[in-house]
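Colleague: Could you have a look at this structure, given as structure tokens, before my questions?
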Amino acid sequence: MEFILSKFNYWIYIIMMMIGFYAMIAKRNLVKKVIGMNIFQTAIILFYVSIGAKKGATIPILEAAHHAKIPPESIEVAKYINPLPHVLMLTAIVVGVSVTGVALALIILIYRRYHTVEEDEILRQLS
Amino acid sequence: MMQQAPAFTIVILLLTSFWVPIIGMIKKESAYYLSLIAIFFSFLAACATLYTVITSGPIHYRMGGWPPPWGIEFVVDYLNGGVVVLISLISLLTTISAKKSVEQEIHRSKWPLFWSLYLLLILSLLGMTETGDMFNMYVYLEVSSLTAYGLIAMGERGALLASFNYVILGSVGASFYLLGVGYLYIATGSLNMADLNKILPAIYHSKVIFTAFAFFIVGIGLKMGLFPLHMWLPDAYTHAPSAISTLIAPTMTKVSAYVFFRIILSVFNPQFSWEVIPAATLLRWIAAVGIIYGSIMAIAQKDIKRMLAYSSISQIGYIVLGIALANQMGLIGGALHIFSHAFAKGCLFMIVMAVIYKTGIRNIDDFKGLNKKMPFTMAAFCLAAFSMIGVPPTAGFFSKWYLVLGTVSGRHWFLTAVILMSSLLNAVYFFRIIEKIYFSSFVGLVNGGHGHHEHHEVVAVAEAPLGMLVPILIMAAGILAVGLFNTQIIHLLLQFIVPKGLA
Amino acid sequence: MNTVISYKPLYAVLVSLIGAFFILFTNEKKQNLREAWTFIAAFIKFGIVVSMLPVILQGKVIKLTLLELAPGLSLMFKIDFFGLIFGLVASGLWIVTSLYSIGYMRGLKEHAQNRYFFAFALCLSATMGIAFSGNLLTFYLFYEMLTIATYPLVTHNEDEEAVKAGRKYLTYTLTAGVLILFAIGATYIYAGTLEFTPGGFLKGHNIPIGLLQVLLVAFLVGCGVKAGVMPFHAWLPSAMVAPTPVSALLHAVAVVKAGVFGCVRIIAYVFGPVLLKDIHMWLIVAYFVSFTIIVSSLFALASDNLKRRLAFSTISQLSYIILGAALLSKASLTGSILHIPNHAYMKITLFFCAGAIFVKTGKRNISELDGIGLQMPFTMGAFTLASFGMVGIPPLCGFISKWYLCLGTLQAHEIFFLFVLLTSAVLNAAYFFPIVYAAFFRKPAEATTGMAEASIPLVVPLSITVVMAIIFGIFPNFFFHFFDLARNAATSILTGM
């Protein structure tokens with residue numbers, strides 16, 4: 001129990017990822033697949049965001065940085081959360097949005113051509 | 001100028017891909033020529049990069065001057081310098097030969113967008129090859145996937161669904177890759193490949209590293225169509241516009257294969273990949289099954305593009321097998337196979353593109369007597385097919401030769417058998433076509449053994465347009481050149497990937 | 001051993017390769033120009049090969065190292081006694097066959113003659129490469145080239161049967177190629193070299209005996225497929241659907257001899273007599289090919305199609321050569337090497353005759369040949385002489401090589417094989433003499449109008465070859481010094497020099 005609770009952020013991301021993965025693989029409806037894909041990506045984003053966090057830390061903006069030059073040694077790294085994963089996730093979010101955009105655009109085209117978003121239907125029409 | 005060459009390979013394409021749709025609004029035809037010029041200059045930059053590498057050692061190019069491990073770094077060493085030139089050369093030749101085919105298959109209004117995406121795809125492949133940063137790699141990976149989704153979707157009937165399936169699987173792959181990066185970041189706090197390579201050995205027995213490794217294998221494996229993660233590949237190759245199959249078949253999987261090399265050899269070190277975890281054993285078996293599976297599936301296909309797609313799956317198995325053999329010959333064989341397969345598959349797809357453009361034929365049964373119509377193209381087809389089968393002195397033979405040596409020196413007799421078996425299976429599906437092309441124009445005549453054949457109809461030569469034929473012949477020459485000068489390639493480029501002290 | 005460096009072997013290979021492309025790009029209608037190319041290439045090639053003869057006879061070796069094909073392995077030509085014999089036979093007979101081909105192809109108004117002559121020239125290049133190759137990798141390169149180049153000749157007729165024969169041919173030969181590739185790879189890993197050495201280079205590398213046995217089997221099966229050793233012979237009779245000149249040169253001289261040549265190279269220049277005895281394989285190989293000798297003669301007896309009968313006879317005769325090599329005595333090696341040119345001259349005559357009969361009368365079967373000797377006296381006369389030679393009757397050249405083979409069995413103290421050879425000679429007689437008898441002494445089925453000999457380009461080549469067969473029987477050293485070459489080769493193998 002302790003083990004689970006102490007790493008709850010990881011558990012949450014794994015559960016979310018599995019939900020998303022299930023939807024992507026098992027659902028036959030293309031829109032549901034895209035939703036699953038979104039959950040999947042969000043799970044990873046959450047994972048990244050959570051690894052940057054530290055207990056009791058604050059946003060990585062130096063206090064009083066306006067007034068005086070602070071020598072680097074005096075900055076306590078533990079006080080600030082790690083910004084890099086968050087920055088990376090900005091990119092990942094952009095990528096995720098574009099992928100979703102492309103997927104949805106494809107679905108629209110598929111719907112126009114086959115008048116359905118069910119994979120089975122489409123395969124039947126194709127064969 | 002020369003120091004900036006690695007960046008130029010990408011920047012030229014990036015800027016042009018932005019301007020192509022805008023200028024294309026005014027004049028549709030200009031899009032193609034702009035792209036061609038950009039790719040040509042990118043190719044020159046790639047050559048300059050490789051030249052610098054050969055003359056003065058690997059290049060570490062810092063984007064914006066930020067020093068690693070904080071800044072993003074492009075690292076061009078011997079192997080990827082070669083791969084960059086290979087990719088840009090094949091892209092250039094594909095672009096030259098694709099003009100007519102694109103005009104035929106893609107609606108005029110979409111040309112500027114098509115070429116813009118096309119440029120982005122090439123640039124992302126070059127970026128994947130050159131980058132020295134794990135996260136940057138992810139970005140390029142996604143750019144290449146996104147552009148590929150769009151381009152594949154422009155194909156014929158069935159392309160939309162193929163593209164959609166690729167979206168789903170591709171994003172799973174990319175997400176896995178991203179997770180792997182995250183795990184490594186947790187453990188090391190670094191994203192730079194060279195830096196990771198230094199930090200990682202201290203924590204090799206951490207489970208986090210194992211997991212990250214597994215995620216990488218799956219993520220990249222998906223991208224390169226490694227069995228059993230190949231599900232997207234046949235449909236995507238089959239239904240994409242011919243120009244796009246021609247571009248992605250020789251380049252995309254090869255770049256991913258290169259990334260595979262890079263992650264196994266220079267992010268993790270080989271000792272880890274082969275000794276700490278039994279990745280090599282697992283990969284060997286996967287590769288072996290993939291080689292046979294791909295070949296057998298290829299035999300069963302009627303559509304030539306689909307057949308070539310399955311054959312790609314099998315050939316990817318060779319490259320992975322080379323890595324997984326974990327010895328000198330195996331590695332060299334695997335790396336050489338990146339080159340030889342890129343040339344052979346590129347040539348084959350260009351030929352298919354020319355055939356489809358000229359005759360609309362896709363079904364293998366309809367290839368009958370095509371030698372009368374397109375003699376040069378078909379001669380090139382034979383050469384490329386020989387390379388796939390592994391007939392000396394084509395490129396395919398030598399990569400196979402090193403792989404055989406690798407399996408023998410590792411005493412993996414079963415794998416030797418797999419490689420040899422697969423080359424026989426390759427022979428089955430290629431000779432089936434060659435037979436149709438050359439020797440079946442008279443089938444149906446009652447016992448022509450007396451030699452008094454009557455030409456029912458004299459088929460006029462209707463060779464592919466010069467713009468298609470010349471690239472095909474250049475590729476065919478490339479197949480022979482890679483074969484005959486493989487020693488030079490190994491001395492110049494490939495020998496450096498073999499870790500020191502490896503038998 | 002003196003080594004001479006010369007570019008001649010390269011030229012000998014290249015001349016027909018370049019010639020092939022001249023032929024390919026000649027207009028299909030311009031027959032004379034195309035055939036001129038063939039002749040020019042053939043004569044130049046023959047000249048080059050003959051010009052190497054004096055050097056080799058002095059006991060020197062011509063060597064040429066070119067492009068490095070793989071690190072440590074070069075494209076290497078090395079001409080020794082043995083290689084030169086094969087080169088001389090193949091290049092010499094190419095000229096004769098070209099003449100014959102012209103008569104044959106024109107006589108039948110064959111289609112796709114450009115492709116035919118192109119592939120033919122390619123085959124010759126490959127054969128020359130095989131004869132002159134100095135290491136196994138070079139050998140393999142040309143061996144595969146020969147496989148591929150022969151394919152269009154086998155399927156030349158482009159009908160169902162030809163395509164099927166082509167498939168069969170490829171299935172057998174490509175599988176064989178793969179086996180050889182495996183064996184070469186393993187040899188390289190274990191021995192670190194691939195260069196042919198008289199007396200073998202594999203000994204002294206501490207290779208496990210089991211592996212050596214496997215390697216030997218892989219090599220011999222790989223080469224044996226081309227040589228038509230039973231039970232890997234099935235492609236050869238089917239490949240007889242090819243035009244007769246192809247059957248003549250390629251399936252009596254170049255392709256199958258390349259297989260035999262490979263077998264002898266493997267036995268004598270890779271493994272070597274000492275090692276072969278050490279791994280207890282020589283007798284097994286000998287018994288194996290003895291089986292082929294006898295059984296294929298029986299098959300020959302049973303086939304009515306003339307070319308098919310000749311094909312089985314080829315299979316049987318080729319195994320003589322392997323048998324001679326496997327017995328590892330001086331006389332048997334001499335006989336076996338000598339049998340390569342001798343059999344070539346005799347068998348090519350027989351095939352030429354079969355082709356001439358077919359062109360003239362359209363007959364393919366032995367049962368239709370009654371009385372044909374009166375109609376075509378030259379052709380059938382040559383046939384008779386050549387078949388005497390096959391049986392081993394002096395003074396034809398077949399006698400000499402068989403004599404040495406028989407001596408060899410005695411030298412090796414293996415009397416069993418003497419019986420094999422003698423039985424086979426009897427069987428040879430049994431399947432050749434009825435043809436001769438029928439041709440000259442049976443009444444033809446339909447009334448014939450006297451002499452109707454085949455055209456000059458067909459008769460001249462077969463007369464030349466049969467005359468050569470007699471000359472070699474009386475003067476074994478005539479011009480080419482085949483006998484000296486063979487004896488020297490045998491000596492060098494046994495002494496390892």
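Letters A, B, ... mark the chains of the structure tokens in the order given; residue numbers begin at 1 per chain; ligand numbers begin at 1, in order shown.
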Can you tell me, as a PyMOL selection string, what residues are no more than 12 Å from B:Tyr140 when counting only C-alpha atoms, ignoring any on the same chain fewer than 6 positions away?

Modeller: (chain A and resi 91-92+95) or (chain B and resi 10+120-134+146-148+174+177-178+252+255-256+259)

Colleague: Can you list, as a list in words, every protein, DNA or RNA residue that comes within 8 Å of A:His86 when you count only C-alpha atoms, leaving out same-chain residues fewer than 6 positions away?

Modeller: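 Neighbouring residues, sequence-local ones excluded: Tyr48, Val49 and Gly52 of chain A.
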
Colleague: Let's have the selection written as an mmCIF file, in the first residue's frame, with C-alpha atoms.

Modeller:
data_model
loop_
_atom_site.group_PDB
_atom_site.id
_atom_site.type_symbol
_atom_site.label_atom_id
_atom_site.label_comp_id
_atom_site.auth_asym_id
_atom_site.auth_seq_id
_atom_site.Cartn_x
_atom_site.Cartn_y
_atom_site.Cartn_z
ATOM 1 C CA TYR A 48 6.531 14.206 -17.516
ATOM 2 C CA VAL A 49 4.954 17.025 -15.571
ATOM 3 C CA GLY A 52 9.564 17.710 -12.624
#

Colleague: Give me the residues near A:Ala23 as a list in words, where near means some atom within 12 Å (using only C-alpha atoms) and where sequence neighbours in that chain fewer than 4 positions away do not count.

Modeller: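 Near neighbours after the sequence-gap exclusion: Met16, Met17, Met18, Ile19, Lys27, Arg28, Asn29, Leu30, Val31, Lys32, Lys33, Val34, Ile35, Gly36, Met37, Asn38, Ile39 and Phe40 of chain A; Ile168 and Val172 of chain B.
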
Colleague: Could you take the residues named above and write them with all heavy atoms, as a compact mmCIF listing (two decimals), in the first residue's frame?

Modeller:
# COMPACT_ATOMS: atom_id res chain seq x y z
N MET A 16 -4.05 5.53 -16.79
CA MET A 16 -4.58 6.32 -17.90
C MET A 16 -4.07 5.82 -19.24
O MET A 16 -4.80 5.72 -20.23
CB MET A 16 -4.19 7.79 -17.72
CG MET A 16 -5.06 8.53 -16.76
SD MET A 16 -4.59 10.26 -16.69
CE MET A 16 -5.16 10.83 -18.28
N MET A 17 -2.77 5.48 -19.22
CA MET A 17 -2.19 5.03 -20.46
C MET A 17 -2.87 3.75 -20.94
O MET A 17 -3.17 3.59 -22.12
CB MET A 17 -0.71 4.77 -20.22
CG MET A 17 0.12 4.92 -21.45
SD MET A 17 1.85 4.84 -21.02
CE MET A 17 2.20 3.17 -21.41
N MET A 18 -3.14 2.86 -19.98
CA MET A 18 -3.75 1.59 -20.36
C MET A 18 -5.17 1.81 -20.88
O MET A 18 -5.59 1.15 -21.83
CB MET A 18 -3.78 0.64 -19.15
CG MET A 18 -2.43 0.07 -18.83
SD MET A 18 -1.76 -0.78 -20.26
CE MET A 18 -0.22 0.03 -20.48
N ILE A 19 -5.87 2.75 -20.26
CA ILE A 19 -7.22 3.06 -20.75
C ILE A 19 -7.13 3.54 -22.21
O ILE A 19 -7.84 3.06 -23.10
CB ILE A 19 -7.89 4.14 -19.88
CG1 ILE A 19 -8.15 3.60 -18.48
CG2 ILE A 19 -9.19 4.62 -20.52
CD1 ILE A 19 -8.58 4.65 -17.48
N LYS A 27 -11.31 -0.57 -29.72
CA LYS A 27 -12.52 0.07 -30.25
C LYS A 27 -12.50 0.04 -31.78
O LYS A 27 -11.46 0.24 -32.40
CB LYS A 27 -12.61 1.52 -29.76
CG LYS A 27 -12.82 1.64 -28.27
CD LYS A 27 -14.21 1.19 -27.90
CE LYS A 27 -14.34 1.15 -26.38
NZ LYS A 27 -15.53 0.44 -25.94
N ARG A 28 -13.68 -0.17 -32.34
CA ARG A 28 -13.75 -0.20 -33.80
C ARG A 28 -14.18 1.15 -34.36
O ARG A 28 -14.15 1.35 -35.57
CB ARG A 28 -14.73 -1.29 -34.28
CG ARG A 28 -14.49 -2.63 -33.70
CD ARG A 28 -13.08 -3.12 -33.97
NE ARG A 28 -12.85 -3.49 -35.36
CZ ARG A 28 -11.65 -3.75 -35.85
NH1 ARG A 28 -10.58 -3.62 -35.09
NH2 ARG A 28 -11.51 -4.09 -37.10
N ASN A 29 -14.61 2.03 -33.48
CA ASN A 29 -15.04 3.34 -33.94
C ASN A 29 -13.84 4.28 -34.01
O ASN A 29 -13.08 4.42 -33.06
CB ASN A 29 -16.09 3.89 -32.96
CG ASN A 29 -16.66 5.21 -33.42
OD1 ASN A 29 -15.90 6.10 -33.82
ND2 ASN A 29 -17.96 5.34 -33.38
N LEU A 30 -13.65 4.90 -35.17
CA LEU A 30 -12.43 5.67 -35.36
C LEU A 30 -12.32 6.85 -34.41
O LEU A 30 -11.24 7.17 -33.93
CB LEU A 30 -12.36 6.17 -36.81
CG LEU A 30 -12.36 5.09 -37.89
CD1 LEU A 30 -12.15 5.71 -39.25
CD2 LEU A 30 -11.30 4.05 -37.63
N VAL A 31 -13.47 7.49 -34.11
CA VAL A 31 -13.42 8.64 -33.21
C VAL A 31 -12.97 8.18 -31.83
O VAL A 31 -12.16 8.83 -31.16
CB VAL A 31 -14.78 9.34 -33.14
CG1 VAL A 31 -14.71 10.51 -32.18
CG2 VAL A 31 -15.19 9.82 -34.52
N LYS A 32 -13.51 7.02 -31.40
CA LYS A 32 -13.12 6.51 -30.09
C LYS A 32 -11.63 6.20 -30.06
O LYS A 32 -10.95 6.40 -29.05
CB LYS A 32 -13.92 5.26 -29.75
CG LYS A 32 -15.35 5.59 -29.40
CD LYS A 32 -16.11 4.35 -28.99
CE LYS A 32 -17.55 4.73 -28.70
NZ LYS A 32 -18.43 3.56 -28.67
N LYS A 33 -11.11 5.73 -31.18
CA LYS A 33 -9.68 5.48 -31.24
C LYS A 33 -8.90 6.77 -31.02
O LYS A 33 -7.89 6.80 -30.30
CB LYS A 33 -9.30 4.91 -32.61
CG LYS A 33 -9.51 3.42 -32.74
CD LYS A 33 -9.10 2.98 -34.14
CE LYS A 33 -9.38 1.52 -34.35
NZ LYS A 33 -8.19 0.69 -34.41
N VAL A 34 -9.39 7.84 -31.64
CA VAL A 34 -8.68 9.11 -31.48
C VAL A 34 -8.75 9.57 -30.03
O VAL A 34 -7.77 10.08 -29.47
CB VAL A 34 -9.26 10.17 -32.42
CG1 VAL A 34 -8.63 11.51 -32.16
CG2 VAL A 34 -9.03 9.76 -33.86
N ILE A 35 -9.93 9.36 -29.42
CA ILE A 35 -10.05 9.74 -28.01
C ILE A 35 -9.05 8.94 -27.18
O ILE A 35 -8.33 9.48 -26.33
CB ILE A 35 -11.49 9.50 -27.51
CG1 ILE A 35 -12.42 10.47 -28.25
CG2 ILE A 35 -11.58 9.70 -26.01
CD1 ILE A 35 -13.88 10.21 -27.99
N GLY A 36 -8.98 7.66 -27.45
CA GLY A 36 -8.02 6.82 -26.75
C GLY A 36 -6.61 7.34 -26.93
O GLY A 36 -5.82 7.41 -25.98
N MET A 37 -6.30 7.74 -28.16
CA MET A 37 -4.97 8.24 -28.44
C MET A 37 -4.68 9.49 -27.62
O MET A 37 -3.59 9.66 -27.07
CB MET A 37 -4.87 8.56 -29.93
CG MET A 37 -3.51 8.90 -30.43
SD MET A 37 -3.56 9.10 -32.20
CE MET A 37 -4.17 10.75 -32.34
N ASN A 38 -5.71 10.33 -27.48
CA ASN A 38 -5.54 11.54 -26.69
C ASN A 38 -5.26 11.23 -25.24
O ASN A 38 -4.40 11.84 -24.60
CB ASN A 38 -6.79 12.41 -26.79
CG ASN A 38 -6.56 13.53 -27.77
OD1 ASN A 38 -5.54 14.21 -27.68
ND2 ASN A 38 -7.46 13.69 -28.72
N ILE A 39 -6.03 10.27 -24.71
CA ILE A 39 -5.82 9.90 -23.31
C ILE A 39 -4.40 9.38 -23.13
O ILE A 39 -3.70 9.72 -22.18
CB ILE A 39 -6.84 8.83 -22.88
CG1 ILE A 39 -8.25 9.41 -22.97
CG2 ILE A 39 -6.57 8.34 -21.47
CD1 ILE A 39 -9.35 8.41 -22.72
N PHE A 40 -3.99 8.59 -24.08
CA PHE A 40 -2.64 8.00 -24.05
C PHE A 40 -1.58 9.10 -23.98
O PHE A 40 -0.68 9.08 -23.15
CB PHE A 40 -2.48 7.17 -25.32
CG PHE A 40 -1.31 6.25 -25.33
CD1 PHE A 40 -1.41 5.00 -24.76
CD2 PHE A 40 -0.11 6.63 -25.92
CE1 PHE A 40 -0.33 4.14 -24.77
CE2 PHE A 40 0.96 5.77 -25.94
CZ PHE A 40 0.85 4.52 -25.36
N ILE B 168 -2.64 5.88 -35.65
CA ILE B 168 -2.81 5.25 -34.34
C ILE B 168 -1.54 4.54 -33.91
O ILE B 168 -0.97 4.81 -32.84
CB ILE B 168 -3.99 4.25 -34.39
CG1 ILE B 168 -5.29 4.98 -34.71
CG2 ILE B 168 -4.10 3.48 -33.09
CD1 ILE B 168 -5.74 5.93 -33.65
N VAL B 172 1.36 5.57 -31.05
CA VAL B 172 1.76 4.66 -29.97
C VAL B 172 3.28 4.55 -29.94
O VAL B 172 3.92 4.67 -28.88
CB VAL B 172 1.14 3.26 -30.16
CG1 VAL B 172 1.74 2.27 -29.17
CG2 VAL B 172 -0.35 3.32 -30.00

Colleague: Pick out each residue of stretch 127-355 of chain C that DSSP on the backbone tags as helix (DSSP H, G or I); I need them as number ranges by chain.

Modeller: C: 127-132, 136-154, 160-191, 209-227, 235-241, 244-278, 282-302, 306-327, 330-355

Colleague: Compile the contact shell of stretch 361-363 of chain C as a count of residues only: residues with an atom at most 12 Å away, counting only C-alpha atoms, same-chain residues fewer than 5 positions apart removed.

Modeller: 24

Colleague: Rank B:Gly158, B:Gly182, B:Gly322, B:Gly290 by their smallest atom-to-atom distance to A:Leu106, using only C-alpha atoms, and report the top residue only.

Modeller: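 Under the stated criterion, the closest residue is B:Gly158.
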
Colleague: As a tab-separated table (two decimals) with N, CA, C and O atoms, in the first residue's frame, please: the residues near stretch 378-387 of chain B (cut-off 7 Å, only C-alpha atoms, same-chain neighbours under 2 positions excluded).

Modeller:
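The resulting part.tsv:
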chain	number	residue	atom	x	y	z
B	344	ALA	N	18.53	-0.68	-53.45
B	344	ALA	CA	17.75	-1.68	-54.17
B	344	ALA	C	16.26	-1.37	-54.08
B	344	ALA	O	15.55	-1.37	-55.08
B	347	CYS	N	15.32	1.74	-55.99
B	347	CYS	CA	15.29	1.47	-57.42
B	347	CYS	C	14.01	0.72	-57.80
B	347	CYS	O	13.34	1.09	-58.76
B	348	LEU	N	13.68	-0.28	-57.01
B	348	LEU	CA	12.48	-1.07	-57.32
B	348	LEU	C	11.23	-0.20	-57.29
B	348	LEU	O	10.38	-0.27	-58.17
B	351	ILE	N	11.00	2.02	-60.21
B	351	ILE	CA	10.57	1.27	-61.39
B	351	ILE	C	9.06	1.06	-61.36
B	351	ILE	O	8.37	1.26	-62.36
B	371	ASN	N	9.12	-6.37	-70.94
B	371	ASN	CA	10.48	-6.06	-71.40
B	371	ASN	C	10.47	-5.48	-72.81
B	371	ASN	O	11.35	-4.73	-73.19
B	374	MET	N	9.41	-1.67	-72.01
B	374	MET	CA	10.31	-0.83	-71.23
B	374	MET	C	11.62	-1.59	-70.98
B	374	MET	O	11.89	-1.99	-69.85
B	375	PRO	N	12.43	-1.78	-71.99
B	375	PRO	CA	13.60	-2.64	-71.82
B	375	PRO	C	14.58	-2.15	-70.76
B	375	PRO	O	15.06	-2.95	-69.94
B	376	PHE	N	14.85	-0.85	-70.73
B	376	PHE	CA	15.86	-0.37	-69.78
B	376	PHE	C	15.35	-0.46	-68.35
B	376	PHE	O	16.06	-0.88	-67.44
B	389	ILE	N	18.01	-10.50	-53.96
B	389	ILE	CA	18.25	-11.93	-53.79
B	389	ILE	C	19.65	-12.15	-53.21
B	389	ILE	O	19.87	-13.07	-52.43
B	390	GLY	N	20.56	-11.28	-53.61
B	390	GLY	CA	21.92	-11.44	-53.13
B	390	GLY	C	22.80	-12.14	-54.14
B	390	GLY	O	23.57	-13.04	-53.78
B	391	VAL	N	22.69	-11.74	-55.39
B	391	VAL	CA	23.57	-12.30	-56.41
B	391	VAL	C	24.80	-11.39	-56.49
B	391	VAL	O	24.66	-10.18	-56.62
B	394	THR	N	26.31	-7.55	-56.74
B	394	THR	CA	25.44	-6.44	-56.34
B	394	THR	C	25.61	-6.17	-54.85
B	394	THR	O	26.17	-6.98	-54.12
B	395	ALA	N	25.07	-5.02	-54.45
B	395	ALA	CA	25.23	-4.60	-53.06
B	395	ALA	C	24.62	-5.62	-52.09
B	395	ALA	O	25.19	-5.90	-51.04
B	396	GLY	N	23.47	-6.14	-52.47
B	396	GLY	CA	22.77	-7.05	-51.57
B	396	GLY	C	23.60	-8.27	-51.22
B	396	GLY	O	23.53	-8.79	-50.11
B	397	PHE	N	24.41	-8.72	-52.17
B	397	PHE	CA	25.22	-9.89	-51.88
B	397	PHE	C	26.19	-9.60	-50.75
B	397	PHE	O	26.37	-10.42	-49.85
B	430	PHE	N	11.01	-12.79	-56.73
B	430	PHE	CA	11.51	-11.92	-57.79
B	430	PHE	C	11.57	-12.64	-59.13
B	430	PHE	O	11.24	-12.06	-60.15
B	434	ILE	N	10.34	-11.76	-62.89
B	434	ILE	CA	11.27	-11.70	-64.03
B	434	ILE	C	10.81	-12.65	-65.13
B	434	ILE	O	10.82	-12.33	-66.32
B	473	LEU	N	18.28	4.48	-63.60
B	473	LEU	CA	19.58	3.93	-63.99
B	473	LEU	C	20.67	4.35	-63.01
B	473	LEU	O	21.59	3.57	-62.73
B	476	ALA	N	20.38	2.06	-60.20
B	476	ALA	CA	20.91	0.74	-60.56
B	476	ALA	C	22.42	0.76	-60.53
B	476	ALA	O	23.07	-0.17	-60.01

Colleague: Please tabulate, as JSON lines, the residues of chain C that come within 9 Å of chain B, each with its closest pair of atoms and the distance in Å to one decimal, counting only C-alpha atoms and ordering rows by chain, then residue number upward.

Modeller:
{"residue": "C:Leu67", "atom": "CA", "partner": "B:Leu484", "partner_atom": "CA", "distance": 7.8}
{"residue": "C:Glu68", "atom": "CA", "partner": "B:Thr487", "partner_atom": "CA", "distance": 6.4}
{"residue": "C:Leu69", "atom": "CA", "partner": "B:Thr487", "partner_atom": "CA", "distance": 6.2}
{"residue": "C:Ala70", "atom": "CA", "partner": "B:Thr487", "partner_atom": "CA", "distance": 5.2}
{"residue": "C:Pro71", "atom": "CA", "partner": "B:Thr487", "partner_atom": "CA", "distance": 5.8}
{"residue": "C:Met105", "atom": "CA", "partner": "B:Gly451", "partner_atom": "CA", "distance": 8.8}
{"residue": "C:Leu108", "atom": "CA", "partner": "B:Gly451", "partner_atom": "CA", "distance": 6.1}
{"residue": "C:Lys109", "atom": "CA", "partner": "B:His452", "partner_atom": "CA", "distance": 6.5}
{"residue": "C:Glu110", "atom": "CA", "partner": "B:Gly451", "partner_atom": "CA", "distance": 5.2}
{"residue": "C:His111", "atom": "CA", "partner": "B:His453", "partner_atom": "CA", "distance": 6.6}
{"residue": "C:Tyr140", "atom": "CA", "partner": "B:Pro392", "partner_atom": "CA", "distance": 8.0}
{"residue": "C:Leu141", "atom": "CA", "partner": "B:Pro392", "partner_atom": "CA", "distance": 5.2}
{"residue": "C:Phe142", "atom": "CA", "partner": "B:Pro392", "partner_atom": "CA", "distance": 8.0}
{"residue": "C:Glu144", "atom": "CA", "partner": "B:Val391", "partner_atom": "CA", "distance": 6.4}
{"residue": "C:Met145", "atom": "CA", "partner": "B:Pro392", "partner_atom": "CA", "distance": 7.3}
{"residue": "C:Ile148", "atom": "CA", "partner": "B:Val391", "partner_atom": "CA", "distance": 8.5}
{"residue": "C:Pro152", "atom": "CA", "partner": "B:Phe439", "partner_atom": "CA", "distance": 8.2}
{"residue": "C:Thr155", "atom": "CA", "partner": "B:Phe439", "partner_atom": "CA", "distance": 6.9}
{"residue": "C:His156", "atom": "CA", "partner": "B:Phe439", "partner_atom": "CA", "distance": 7.6}
{"residue": "C:Asn157", "atom": "CA", "partner": "B:Gly449", "partner_atom": "CA", "distance": 6.0}
{"residue": "C:Glu158", "atom": "CA", "partner": "B:Phe439", "partner_atom": "CA", "distance": 4.8}
{"residue": "C:Asp159", "atom": "CA", "partner": "B:Val443", "partner_atom": "CA", "distance": 5.3}
{"residue": "C:Glu160", "atom": "CA", "partner": "B:Val443", "partner_atom": "CA", "distance": 6.2}
{"residue": "C:Glu161", "atom": "CA", "partner": "B:Asn447", "partner_atom": "CA", "distance": 7.8}
{"residue": "C:Ala162", "atom": "CA", "partner": "B:Gly449", "partner_atom": "CA", "distance": 8.3}
{"residue": "C:Val163", "atom": "CA", "partner": "B:Phe439", "partner_atom": "CA", "distance": 7.0}
{"residue": "C:Gly166", "atom": "CA", "partner": "B:Glu435", "partner_atom": "CA", "distance": 8.8}
{"residue": "C:Arg167", "atom": "CA", "partner": "B:Phe431", "partner_atom": "CA", "distance": 8.4}
{"residue": "C:Leu170", "atom": "CA", "partner": "B:Ala427", "partner_atom": "CA", "distance": 8.7}
{"residue": "C:Thr171", "atom": "CA", "partner": "B:Leu424", "partner_atom": "CA", "distance": 8.3}
{"residue": "C:Leu174", "atom": "CA", "partner": "B:Leu424", "partner_atom": "CA", "distance": 7.0}
{"residue": "C:Thr175", "atom": "CA", "partner": "B:Leu424", "partner_atom": "CA", "distance": 6.8}
{"residue": "C:Val178", "atom": "CA", "partner": "B:Leu420", "partner_atom": "CA", "distance": 5.9}
{"residue": "C:Leu179", "atom": "CA", "partner": "B:Leu420", "partner_atom": "CA", "distance": 8.0}
{"residue": "C:Leu181", "atom": "CA", "partner": "B:Trp401", "partner_atom": "CA", "distance": 7.9}
{"residue": "C:Phe182", "atom": "CA", "partner": "B:Val404", "partner_atom": "CA", "distance": 7.0}
{"residue": "C:Gly185", "atom": "CA", "partner": "B:Leu405", "partner_atom": "CA", "distance": 5.4}
{"residue": "C:Ala186", "atom": "CA", "partner": "B:Val408", "partner_atom": "CA", "distance": 5.9}
{"residue": "C:Tyr188", "atom": "CA", "partner": "B:Leu405", "partner_atom": "CA", "distance": 7.9}
{"residue": "C:Ile189", "atom": "CA", "partner": "B:Ser409", "partner_atom": "CA", "distance": 6.1}
{"residue": "C:Tyr190", "atom": "CA", "partner": "B:Ser409", "partner_atom": "CA", "distance": 8.1}
{"residue": "C:Val241", "atom": "CA", "partner": "B:Gly449", "partner_atom": "CA", "distance": 7.5}
{"residue": "C:Ala242", "atom": "CA", "partner": "B:Gly449", "partner_atom": "CA", "distance": 8.6}
{"residue": "C:Pro243", "atom": "CA", "partner": "B:Gly449", "partner_atom": "CA", "distance": 8.7}
{"residue": "C:Gly362", "atom": "CA", "partner": "B:His450", "partner_atom": "CA", "distance": 8.1}
